[in-house]
Each structure stands twice: as C-alpha cells, then as structure tokens.
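> model-v6.txt (compact mmCIF, C-alpha atoms) pasted underneath:
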```
# COMPACT_ATOMS: atom_id res chain seq x y z
CA MET A 1 19.57 -0.60 -5.12
CA SER A 2 18.73 -2.45 -1.93
CA VAL A 3 15.93 -4.99 -1.77
CA GLU A 4 13.98 -2.67 0.52
CA LEU A 5 14.16 0.23 -1.93
CA TYR A 6 13.24 -2.07 -4.81
CA TYR A 7 10.09 -3.25 -3.05
CA ILE A 8 9.10 0.30 -2.13
CA CYS A 9 9.38 1.20 -5.82
CA LEU A 10 7.16 -1.81 -6.62
CA TYR A 11 4.77 -0.58 -3.96
CA GLY A 12 4.59 2.81 -5.70
CA LEU A 13 3.70 1.00 -8.92
CA LEU A 14 1.02 -0.93 -7.04
CA ILE A 15 -0.52 2.37 -5.91
CA ILE A 16 -0.45 3.66 -9.51
CA ALA A 17 -2.07 0.45 -10.82
CA THR A 18 -4.73 0.60 -8.11
CA THR A 19 -5.46 4.22 -9.03
CA LEU A 20 -5.89 3.27 -12.68
CA VAL A 21 -8.28 0.44 -11.80
CA GLN A 22 -10.21 2.77 -9.50
CA GLN A 23 -10.52 5.31 -12.31
CA LEU A 24 -11.80 2.66 -14.72
CA THR A 25 -14.36 1.38 -12.23
CA SER A 26 -15.50 4.95 -11.54
CA LEU A 27 -16.58 5.24 -15.18
CA ALA A 28 -19.03 2.39 -14.66
CA ASN A 29 -20.00 3.68 -11.21
CA VAL A 30 -20.90 7.32 -11.96
CA GLY A 31 -20.40 7.78 -15.70
CA ILE A 32 -17.91 9.73 -17.77
CA MET A 33 -18.96 13.32 -17.02
CA PRO A 34 -18.49 13.23 -13.22
CA VAL A 35 -15.12 11.52 -13.67
CA PHE A 36 -13.84 14.34 -15.88
CA SER A 37 -15.33 17.08 -13.70
CA SER A 38 -14.08 18.45 -10.40
CA ARG A 39 -15.81 15.52 -8.61
CA GLU A 40 -17.32 17.80 -5.99
CA GLY A 41 -20.31 16.08 -4.46
CA VAL A 42 -19.60 12.80 -6.27
CA ASN A 43 -19.83 9.83 -3.92
CA PHE A 44 -18.28 6.64 -5.17
CA SER A 45 -19.89 3.41 -4.04
CA GLY A 46 -19.17 -0.28 -4.37
CA MET A 47 -15.77 -1.32 -5.64
CA THR A 48 -14.92 2.22 -6.75
CA GLY A 49 -15.41 3.62 -3.26
CA ARG A 50 -13.53 0.76 -1.63
CA LEU A 51 -10.59 1.18 -4.03
CA GLU A 52 -10.54 4.91 -3.33
CA ARG A 53 -10.23 4.15 0.41
CA ALA A 54 -7.62 1.47 -0.29
CA ILE A 55 -5.52 4.01 -2.23
CA LEU A 56 -5.69 6.44 0.69
CA ASN A 57 -4.65 3.68 3.09
CA CYS A 58 -1.76 2.70 0.78
CA VAL A 59 -0.47 6.27 0.65
CA ILE A 60 -0.63 6.48 4.45
CA ALA A 61 1.25 3.16 4.70
CA LEU A 62 3.88 4.52 2.29
CA ALA A 63 4.34 7.54 4.55
CA MET A 64 4.74 5.22 7.53
CA ILE A 65 7.22 2.79 5.96
CA GLY A 66 9.25 5.38 4.06
CA PRO A 67 11.39 6.72 6.94
CA ALA A 68 12.33 3.21 8.10
CA ILE A 69 13.38 2.19 4.59
CA LEU A 70 15.37 5.40 4.13
CA ALA A 71 17.11 4.88 7.47
CA LEU A 72 18.07 1.34 6.49
CA ALA A 73 19.30 2.51 3.08
CA MET A 74 21.29 5.45 4.45
CA THR A 75 23.02 3.33 7.08
CA GLU A 76 23.44 0.43 4.65
CA THR A 77 22.16 -1.98 7.30
CA SER A 78 19.92 -4.18 5.22
CA SER A 79 19.64 -7.77 6.41
CA VAL A 80 17.84 -10.95 5.45
CA ASN A 81 15.20 -10.12 8.04
CA THR A 82 14.60 -6.58 6.76
CA ASN A 83 14.44 -7.95 3.21
CA LEU A 84 11.80 -10.44 4.32
CA ALA A 85 9.87 -7.78 6.25
CA VAL A 86 9.59 -5.48 3.24
CA GLN A 87 8.57 -8.41 1.04
CA VAL A 88 5.86 -9.38 3.55
CA PHE A 89 4.76 -5.73 3.56
CA PHE A 90 4.50 -5.59 -0.23
CA TRP A 91 2.64 -8.87 -0.69
CA ALA A 92 0.34 -8.20 2.25
CA CYS A 93 -0.52 -4.81 0.75
CA LEU A 94 -1.15 -6.36 -2.65
CA VAL A 95 -3.56 -8.90 -1.15
CA TYR A 96 -5.05 -6.11 1.01
CA VAL A 97 -5.90 -3.99 -2.05
CA ILE A 98 -7.48 -6.93 -3.85
CA ALA A 99 -9.41 -8.00 -0.74
CA TYR A 100 -10.56 -4.43 -0.05
CA GLY A 101 -11.72 -3.97 -3.64
CA LEU A 102 -13.63 -7.26 -3.57
CA ASN A 103 -14.95 -6.63 -0.03
CA ILE A 104 -13.33 -9.70 1.56
CA ILE A 105 -13.28 -8.34 5.10
CA GLY A 106 -11.32 -10.99 7.06
CA VAL A 107 -8.55 -11.27 4.47
CA ARG A 108 -8.34 -7.49 4.23
CA SER A 109 -7.91 -7.06 7.99
CA LEU A 110 -5.37 -9.87 8.32
CA ASN A 111 -3.19 -8.43 5.56
CA TRP A 112 -3.44 -4.91 6.98
CA PHE A 113 -2.20 -6.31 10.31
CA ALA A 114 0.66 -8.19 8.58
CA SER A 115 1.77 -5.01 6.80
CA LEU A 116 1.66 -3.06 10.08
CA LEU A 117 3.81 -5.67 11.82
CA SER A 118 6.29 -5.46 8.93
CA ILE A 119 6.47 -1.68 9.26
CA LEU A 120 7.04 -1.93 13.01
CA TYR A 121 9.78 -4.52 12.52
CA LEU A 122 11.53 -2.29 9.97
CA TYR A 123 11.48 0.62 12.43
CA TRP A 124 12.80 -1.62 15.19
CA SER A 125 15.60 -2.82 12.89
CA ALA A 126 16.47 0.69 11.74
CA MET A 127 16.53 2.14 15.24
CA SER A 128 18.27 -0.71 17.08
CA ILE A 129 21.42 -0.56 14.98
CA SER A 130 24.25 1.02 16.93
```
Written as structure tokens, how would this file's structure read?

Amino acid sequence: MSVELYYICLYGLLIIATTLVQQLTSLANVGIMPVFSSREGVNFSGMTGRLERAILNCVIALAMIGPAILALAMTETSSVNTNLAVQVFFWACLVYVIAYGLNIIGVRSLNWFASLLSILYLYWSAMSIS
C-alpha cells in the first residue's frame, strides 16, 4: 500500500472517530430520545453542531482528494513530495476538526487552507506526469 493510500485510510478513521465524538456530544446537547429518533427538526448547537459541520466538510474533502490519490496509485507515481502533501493534508485535517469542534477560528481556517493546498498539489502531481 502506498503512503498516500495509507493516509487516506487514516483519514477515513478520523472521520469515523469524529462521528463517534459528535454522537456522544449530541447526547449532552439534546438528550437521548432525539438522538435515537429520526432527528427531524433537531438543531444541534455548540460543539455538537460544529462537529456535524466538520464531518460534512471532511467528507467533501475526501471526495476532492480521492481522485488524485487514486490517479497516483494507479499510475504508481508516488514521490516524496506527494507523500508529504498527503501527510500535510491528514494532519491539517486533524487539527482542523479539533479547532472546529473547539471553535478556534483562526487555526481552523489556516488548516483548511493547508489541506486545500495539499489537495491542489496532489492533483497537479497526478496530472503533470507524462
């Protein structure tokens, strides 16, 4: 398994862990009955709401980075730079989730930007190989 694929698997586990934490915080936020119901009309606030938005953003980021990682894996064109880019992506997303959950706005935005730059670099690397 390439380093890029390994870190995308770790990223999937990060999304699962974030979902579990969001579910646990939702119990304190709205109680047990709304959590086990259909959740129609339930509005999460505080950390629970922020984690819910962070999960959505993480899934969108996964959809954005996935094709670049697959292209690199299929062409077997991994490099030190692509390895570093996917590691920056993963760690930036980890800090992003924590910062979003704790409402640390500047850190959250900076890490979102770092992850976006990593995604763009991976696309550039995948598409510039001839």
> Excluding segment 77-90 of chain A and its own-chain neighbours fewer than 2 positions away, which residues fall within 9 Å of it when counting only C-alpha atoms? Please give them as a ChimeraX atom specification.
/A:2-5,7-8,10-11,14,69,71-75,92-95,111-112,114-119,121-122,125-126,129
> I need the residue nearest Thr25 of chain A from this list: A:Phe44, A:Trp91, A:Phe113, A:Trp124. Use all atoms listed in the file for the distance.
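Smallest separation from Thr25 of chain A among the options: A:Phe44.
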> May I ask which of the residues A:Asn103, A:Thr18, A:Gln23, A:Ser128 is the closest one to Gly46 of chain A, counting all atoms listed in the file?
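For Gly46 of chain A, the nearest of the given residues is A:Asn103.
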> Hey, can you check how far atom CA of Tyr123 of chain A sits from atom CA of Ser109 of chain A?
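Distance reported for this atom pair: 21.3 Å.
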> Once 6 Å is added on each side, what centre and edge lengths in Å to one decimal does the axis-aligned box around all listed atoms of segment 12-17 of chain A have, as lines of an AutoDock Vina configuration file?

```
center_x = 1.3
center_y = 1.4
center_z = -8.3
size_x = 18.7
size_y = 16.6
size_z = 17.1
```
